[in-house]
Every structure is written in C-alpha cells, then in structure tokens.
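Trainee: One structure, as structure tokens, below. Some questions next.
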Amino acid sequence: MTQNLFPSPPWPSLPVQGEQGLYPVHRIFCVGKNYAAHAAEMGGEVDREQPMFFTKSALAFLPTGMESNYPPGTEDYHYEVEFCVAVGKPLFKASPEEAADAVFGYAVGLDMTRRDIQNRAKDKRQPWDMAKDVEESAIIGPITTVAEFGPVADQRIRLRLGGDLRQDGPLSDMVWTVPELLSRLSHLYHLAPGDILMTGTPSGVGPVKPGDHLVGDVEGLAPVSVTFTDPD
C-alpha cells in the first residue's frame with residue numbers, strides 16, 4: 001500500500017450549535033469591498049457588476065478562543081470581522097434562489113490581513129495572496145444553522161478590541177446579498193458542503209499588536225475571539 005512520505009494535517013472542522021457532529025472546512029472563499037463604507041476607507045469603491053473574490057487556504061483556519069502568533073513579515077496586521085456562510089449542498093451555475101436553499105448555516109469570522117503587504121501589492125497591481133492567505137488568519141466561530149438563525153436582515157455585526165467597539169454595522173449594508181454572492185461564486189467553482197464564504201467587513205478596520213484580544217459577534221450567532229501573542 002502506498003503511503004504518504006510525511007504526515008498530512010487533517011481537515012479542520014467547526015462545531016455546530018446544538019449538534020454533536022462537526023462541519024468539515026474544505027475551502028474558504030472571501031469577498032472584498034462588500035460594504036461601501038469599508039471600500040471608501042480603503043480608498044476604493046464597490047462594484048455592482050461583479051463581486052471581488054479571493055481565497056484563503058483551509059490551513060489558515062484557527063478555531064475561536066485560541067491564541068495566535070503575530071505573523072512574520074508585517075508591521076500592520078489588521079482585523080476584519082465577517083459574516084460567514086457555510087454551504088450545505090452542491091452548487092454549480094446556480095440562481096440566487098437555488099443558492100439560498102443551499103446554505104447550511106452561518107458563523108462569525110475574522111479575516112486577518114497583512115495590510116502593509118496588501119497596500120504594496122495594490123500599488124504594484126499584484127495579487128493579495130501574501131496579505132490574505134496568512135497562517136491562522138481565518139478565525140471562525142461555531143456555526144448556527146439557517147433554521148435557528150432565521151432570515152439575514154439588519155442584524156448587527158460588531159468587533160471589539162480589548163472591550164472597545166471598533167466595528168459596528170447592520171448586515172443589510174452588504175452590497176451583495178448572500179444568495180447573490182453564492183450564485184456568482186457558483187459560476188466560478190463547483191461549490192460543495194464544507195465550503196465557507198466570508199462575506200466582507202464593515203468600516204472601522206485597524207491594527208492589532210501582541211497582547212491584543214479581539215471579539216467579533218453578529219446578533220443571533222456565537223461570537224468569535226482570539227488573543228495575539230509575540231512569537232519572540
């Protein structure tokens with residue numbers, strides 16, 4: 001029997017509120033500029049023609065409540081609280097209505113970003129990979145099922161740094177709705193259960209330093225939290 005030459009890490013998984021089984025995380029998709037105020041604070045504007053997607057490796061996942069090393073290669077590591085969507089059915093070239101029916105549940109996440117690297121990449125018209133796909137940069141809390149959460153409306157999405165409120169806005173401020181995003185993404189990928197979509201962040205993003213503690217929440221969902229440590 002052929003064996004791997006070295007150990008391979010297992011797929012990460014998320015707890016589901018009220019369930020014993022876990023949700024395996026396969027791929028993490030992200031959306032940029034999905035809140036107009038955040039796009040403006042980053043010096044850009046929203047695009048209603050096509051959402052801007054990017055990805056993070058599933059190996060960038062970190063469970064909520066953990067400590068995370070401040071990453072190398074940056075002096076400007078930023079928090080972005082996000083409303084996350086867990087896919088529960090296969091989707092390919094789906095309509096928004098079909099996409100809405102494929103949602104398994106929702107969670108709160110943190111899309112951590114090496115902002116200085118991202119800004120240099122923007123200036124040179126280069127990809128954002130080194131800024132976004134960072135170890136331990138996709139911090140996601142437990143999933144709440146669609147039936148338990150209910151319709152996505154004007155629930156508040158918030159982030160606190162050391163107890164101070166830094167980000168706050170309604171989910172209704174999203175430029176692209178969840179069904180629209182999943183529909184558009186399904187025309188680019190064969191989506192499947194295990195895929196996570198992080199839907200963008202409201203304004204108020206900013207830097208963290210070792211010792212900082214973040215808590216993100218959305219009304220009706222379990223919060224997400226992390227504490228940053230100095231790797232030295």
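Residues are named by chain letter and number: chains run A, B, ... in the order of the structure tokens, numbers start at 1 in each chain, and ligands are numbered from 1 in the order shown.
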Give me the residues within 8 Å of segment 19-28 of chain A as a compact mmCIF listing (two decimals) with C-alpha atoms, in the first residue's frame, counting only C-alpha atoms and dropping any in the same chain fewer than 2 places off.

Mentor:
```txt
# COMPACT_ATOMS: atom_id res chain seq x y z
CA TRP A 11 -9.22 18.79 7.54
CA PRO A 12 -10.20 21.42 10.10
CA SER A 13 -13.79 21.37 11.34
CA LEU A 14 -16.26 23.67 13.05
CA PRO A 15 -18.73 22.87 15.84
CA VAL A 16 -22.42 23.36 15.06
CA GLN A 17 -24.65 24.81 17.76
CA CYS A 30 -13.72 35.66 0.76
CA THR A 55 -9.34 32.73 -1.17
CA LYS A 56 -7.64 31.55 2.00
CA SER A 57 -6.29 28.05 2.48
CA ALA A 58 -8.23 25.83 4.87
CA GLY A 194 -17.60 22.17 3.52
CA ASP A 195 -17.08 25.41 1.60
CA ILE A 196 -17.11 28.61 3.68
CA LEU A 197 -17.77 32.11 2.33
CA MET A 198 -16.60 35.14 4.32
```

Trainee: Give the helix (DSSP H, G or I) residues of segment 121-160 of chain A, as assigned by DSSP on the backbone, as a ChimeraX atom specification.

Mentor: /A:121-123,129-132,146-149

Trainee: Go ahead and save the residues from that selection, with all heavy atoms, as a CSV table (one decimal), in the first residue's frame.

Mentor:
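So again_33.csv came out as:
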```csv
chain,number,residue,atom,x,y,z
A,121,ALA,N,1.0,45.5,-2.6
A,121,ALA,CA,0.5,44.7,-3.8
A,121,ALA,C,-0.4,45.5,-4.6
A,121,ALA,O,-0.4,45.5,-5.9
A,121,ALA,CB,-0.1,43.4,-3.3
A,122,LYS,N,-1.3,46.3,-4.0
A,122,LYS,CA,-2.2,47.2,-4.7
A,122,LYS,C,-1.4,48.2,-5.6
A,122,LYS,O,-1.8,48.4,-6.7
A,122,LYS,CB,-3.1,47.9,-3.7
A,122,LYS,CG,-4.2,47.1,-3.1
A,122,LYS,CD,-5.0,47.9,-2.2
A,122,LYS,CE,-6.2,47.2,-1.5
A,122,LYS,NZ,-7.0,48.0,-0.6
A,123,ASP,N,-0.4,48.8,-5.0
A,123,ASP,CA,0.4,49.8,-5.7
A,123,ASP,C,1.0,49.2,-6.9
A,123,ASP,O,1.2,49.9,-7.9
A,123,ASP,CB,1.4,50.4,-4.8
A,123,ASP,CG,0.8,51.3,-3.7
A,123,ASP,OD1,-0.3,51.7,-3.8
A,123,ASP,OD2,1.5,51.5,-2.7
A,129,ASP,N,-2.3,37.5,-2.3
A,129,ASP,CA,-2.1,36.2,-1.6
A,129,ASP,C,-1.3,36.3,-0.3
A,129,ASP,O,-1.7,35.8,0.7
A,129,ASP,CB,-1.4,35.2,-2.5
A,129,ASP,CG,-2.2,35.0,-3.8
A,129,ASP,OD1,-2.4,36.0,-4.6
A,129,ASP,OD2,-2.5,33.8,-4.1
A,130,MET,N,-0.1,37.0,-0.4
A,130,MET,CA,0.7,37.1,0.8
A,130,MET,C,0.1,37.9,1.9
A,130,MET,O,0.5,37.8,3.1
A,130,MET,CB,2.1,37.6,0.4
A,130,MET,CG,2.9,36.7,-0.5
A,130,MET,SD,3.2,35.0,0.1
A,130,MET,CE,1.9,34.1,-0.7
A,131,ALA,N,-0.8,38.8,1.6
A,131,ALA,CA,-1.5,39.6,2.6
A,131,ALA,C,-2.7,38.9,3.2
A,131,ALA,O,-3.0,39.2,4.4
A,131,ALA,CB,-2.0,40.9,1.9
A,132,LYS,N,-3.4,38.1,2.5
A,132,LYS,CA,-4.6,37.5,3.0
A,132,LYS,C,-4.5,36.0,3.4
A,132,LYS,O,-5.1,35.6,4.4
A,132,LYS,CB,-5.7,37.6,1.9
A,132,LYS,CG,-6.2,39.0,1.6
A,132,LYS,CD,-7.1,39.5,2.8
A,132,LYS,CE,-7.8,40.7,2.5
A,132,LYS,NZ,-8.7,41.1,3.6
A,146,VAL,N,-29.3,27.6,9.6
A,146,VAL,CA,-30.2,28.5,9.0
A,146,VAL,C,-31.5,28.6,9.7
A,146,VAL,O,-32.1,29.6,10.0
A,146,VAL,CB,-30.4,28.2,7.5
A,146,VAL,CG1,-31.6,29.0,6.9
A,146,VAL,CG2,-29.2,28.4,6.7
A,147,ALA,N,-32.1,27.4,10.0
A,147,ALA,CA,-33.3,27.3,10.7
A,147,ALA,C,-33.3,28.0,12.1
A,147,ALA,O,-34.3,28.7,12.5
A,147,ALA,CB,-33.8,25.9,10.9
A,148,GLU,N,-32.2,27.9,12.8
A,148,GLU,CA,-32.0,28.6,14.1
A,148,GLU,C,-31.8,30.1,13.9
A,148,GLU,O,-32.3,30.8,14.8
A,148,GLU,CB,-30.9,27.9,14.8
A,148,GLU,CG,-30.7,28.4,16.3
A,148,GLU,CD,-31.9,27.9,17.2
A,148,GLU,OE1,-32.5,26.9,16.8
A,148,GLU,OE2,-32.1,28.6,18.2
A,149,PHE,N,-31.0,30.5,12.9
A,149,PHE,CA,-30.7,31.9,12.8
A,149,PHE,C,-31.8,32.7,12.2
A,149,PHE,O,-32.1,33.9,12.6
A,149,PHE,CB,-29.4,32.0,11.9
A,149,PHE,CG,-29.0,33.5,11.8
A,149,PHE,CD1,-28.3,34.1,12.8
A,149,PHE,CD2,-29.2,34.2,10.6
A,149,PHE,CE1,-27.9,35.4,12.7
A,149,PHE,CE2,-28.7,35.5,10.4
A,149,PHE,CZ,-28.1,36.1,11.5
```

Trainee: List the neighbours of Ala222 of chain A out to 8 Å using only C-alpha atoms; skip same-chain residues closer than 2 positions along the sequence, and give me the result as a PyMOL selection string.

Mentor: chain A and resi 107-108+141-144+217-218+220+224

Trainee: When you count only C-alpha atoms, which of these residues is closest to Leu221 of chain A: A:Gly32, A:Gly150, A:Pro127, A:Pro63?

Mentor: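 Of all the options, A:Gly150 lies closest to Leu221 of chain A.
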
Trainee: With only C-alpha atoms as the basis for distance, which of A:Gly211, A:Pro202, A:Pro170, A:Pro51 is at the shortest distance from Ala153 of chain A?

Mentor: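 Looking only at the distances to Ala153 of chain A, the closest residue turns out to be A:Pro170.
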
Trainee: Which is closest to Ala36 of chain A among A:Arg48, A:Gln126, A:Asn4, A:Pro10, if we use only C-alpha atoms?

Mentor: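 The shortest atom-to-atom distance to Ala36 of chain A comes from A:Arg48.
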
Trainee: Which is closest to Ser186 of chain A among A:Asp111, A:Glu41, A:Glu75, A:Glu98, if we use only C-alpha atoms?

Mentor: A:Glu98

Trainee: Of the candidates A:Pro179, A:Gly200, A:Gly216, A:Pro151, which shows the shortest atom-to-atom distance to Cys84 of chain A, using only C-alpha atoms?

Mentor: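 Closest candidate: A:Gly200.
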
Trainee: I want to know what sits within 8 Å of Ser68 of chain A, based on only C-alpha atoms, with residues of the same chain fewer than 6 positions away left out; could you give that as a list of chain:residue names?

Mentor: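 So, after excluding close chain neighbours, the residues are A:Glu136, A:Val226, A:Thr227, A:Phe228, A:Thr229.
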
Trainee: Rounded to one decimal place, report the atom CA of Tyr189 of chain A-atom CA of Gly109 of chain A distance in Å.

Mentor: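 Those two atoms sit 21.9 Å apart.
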
Trainee: I'd like to know which of A:Val134, A:Leu214, A:Met52, A:Ile117 is closest to Leu159 of chain A, using only C-alpha atoms.

Mentor: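 For Leu159 of chain A, the nearest of the given residues is A:Leu214.
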
Trainee: Have a look at atom CA of Leu171 of chain A and atom CA of Phe29 of chain A and let me know their distance in Å, one decimal.

Mentor: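 Between these atoms lies a distance of 18.2 Å.
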
Trainee: List the spatial neighbours of Leu62 of chain A as a list of chain:residue names - criterion: any atom at most 7 Å away, only C-alpha atoms, same-chain residues fewer than 5 positions off excluded.

Mentor: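 These residues fall inside the cut-off: A:Glu136, A:Ala138, A:Ile139, A:Ile140.
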
Trainee: Where does DSSP see strand (DSSP E) in segment 13-199 of chain A, if you list the residues as a ChimeraX atom specification?

Mentor: /A:13-15,22-24,27-32,52-56,61-63,66-69,77-79,81-87,103-111,113-114,138-140,144-145,156-161,164-170,195-198

Trainee: Any chance you could export the current selection's C-alpha atoms as an mmCIF file, in the first residue's frame?

Mentor:
```
data_model
loop_
_atom_site.group_PDB
_atom_site.id
_atom_site.type_symbol
_atom_site.label_atom_id
_atom_site.label_comp_id
_atom_site.auth_asym_id
_atom_site.auth_seq_id
_atom_site.Cartn_x
_atom_site.Cartn_y
_atom_site.Cartn_z
ATOM 1 C CA SER A 13 -13.785 21.374 11.341
ATOM 2 C CA LEU A 14 -16.262 23.668 13.053
ATOM 3 C CA PRO A 15 -18.728 22.873 15.840
ATOM 4 C CA LEU A 22 -18.792 18.707 13.161
ATOM 5 C CA TYR A 23 -18.778 20.692 9.910
ATOM 6 C CA PRO A 24 -15.573 19.914 7.929
ATOM 7 C CA ARG A 27 -12.297 25.731 1.146
ATOM 8 C CA ILE A 28 -12.501 29.318 2.370
ATOM 9 C CA PHE A 29 -13.703 31.948 -0.080
ATOM 10 C CA CYS A 30 -13.723 35.660 0.762
ATOM 11 C CA VAL A 31 -15.326 38.806 -0.653
ATOM 12 C CA GLY A 32 -13.694 42.210 -0.878
ATOM 13 C CA MET A 52 -14.371 40.598 -5.920
ATOM 14 C CA PHE A 53 -13.486 37.143 -4.618
ATOM 15 C CA PHE A 54 -10.247 35.835 -3.138
ATOM 16 C CA THR A 55 -9.338 32.728 -1.170
ATOM 17 C CA LYS A 56 -7.642 31.546 1.999
ATOM 18 C CA PHE A 61 -8.154 28.311 9.777
ATOM 19 C CA LEU A 62 -7.908 28.845 13.533
ATOM 20 C CA PRO A 63 -10.697 27.882 15.965
ATOM 21 C CA MET A 66 -7.254 30.342 20.764
ATOM 22 C CA GLU A 67 -4.021 32.317 20.962
ATOM 23 C CA SER A 68 -2.410 33.308 17.659
ATOM 24 C CA ASN A 69 1.171 34.324 16.991
ATOM 25 C CA TYR A 77 -1.740 43.356 10.877
ATOM 26 C CA HIS A 78 -5.443 44.277 10.631
ATOM 27 C CA TYR A 79 -8.689 42.785 11.917
ATOM 28 C CA VAL A 81 -14.931 40.949 11.305
ATOM 29 C CA GLU A 82 -17.034 38.976 8.821
ATOM 30 C CA PHE A 83 -20.389 37.211 8.487
ATOM 31 C CA CYS A 84 -19.569 33.681 7.294
ATOM 32 C CA VAL A 85 -21.760 31.353 5.256
ATOM 33 C CA ALA A 86 -21.425 27.554 5.401
ATOM 34 C CA VAL A 87 -22.516 25.746 2.238
ATOM 35 C CA VAL A 103 -26.956 27.452 2.847
ATOM 36 C CA PHE A 104 -26.313 25.191 5.831
ATOM 37 C CA GLY A 105 -25.702 27.899 8.406
ATOM 38 C CA TYR A 106 -23.819 30.997 9.491
ATOM 39 C CA ALA A 107 -20.886 31.903 11.735
ATOM 40 C CA VAL A 108 -18.770 34.894 12.724
ATOM 41 C CA GLY A 109 -15.209 35.083 11.428
ATOM 42 C CA LEU A 110 -12.108 37.262 11.454
ATOM 43 C CA ASP A 111 -10.313 37.844 8.159
ATOM 44 C CA THR A 113 -4.804 40.863 6.846
ATOM 45 C CA ARG A 114 -1.172 41.941 6.499
ATOM 46 C CA ALA A 138 -9.187 32.770 9.171
ATOM 47 C CA ILE A 139 -10.565 32.630 12.715
ATOM 48 C CA ILE A 140 -14.125 31.282 12.710
ATOM 49 C CA THR A 144 -25.620 28.253 13.749
ATOM 50 C CA THR A 145 -27.998 26.536 11.313
ATOM 51 C CA ARG A 156 -25.608 44.000 13.807
ATOM 52 C CA ILE A 157 -22.093 42.806 13.037
ATOM 53 C CA ARG A 158 -19.502 44.138 15.517
ATOM 54 C CA LEU A 159 -15.908 43.844 16.628
ATOM 55 C CA ARG A 160 -14.356 44.834 19.931
ATOM 56 C CA LEU A 161 -10.631 45.236 20.604
ATOM 57 C CA ASP A 164 -13.649 48.855 22.865
ATOM 58 C CA LEU A 165 -16.122 48.819 19.969
ATOM 59 C CA ARG A 166 -14.238 49.274 16.679
ATOM 60 C CA GLN A 167 -16.595 47.933 14.001
ATOM 61 C CA ASP A 168 -20.397 48.083 14.001
ATOM 62 C CA GLY A 169 -22.980 47.917 11.217
ATOM 63 C CA PRO A 170 -26.064 46.058 10.005
ATOM 64 C CA ASP A 195 -17.076 25.415 1.604
ATOM 65 C CA ILE A 196 -17.109 28.614 3.678
ATOM 66 C CA LEU A 197 -17.773 32.112 2.330
ATOM 67 C CA MET A 198 -16.604 35.143 4.319
#
```

Trainee: Find the distance between atom CA of Pro9 of chain A and atom CA of Leu59 of chain A and write it in Å to one decimal.

Mentor: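 Answer for the atom CA of Pro9 of chain A to atom CA of Leu59 of chain A separation: 8.5 Å.
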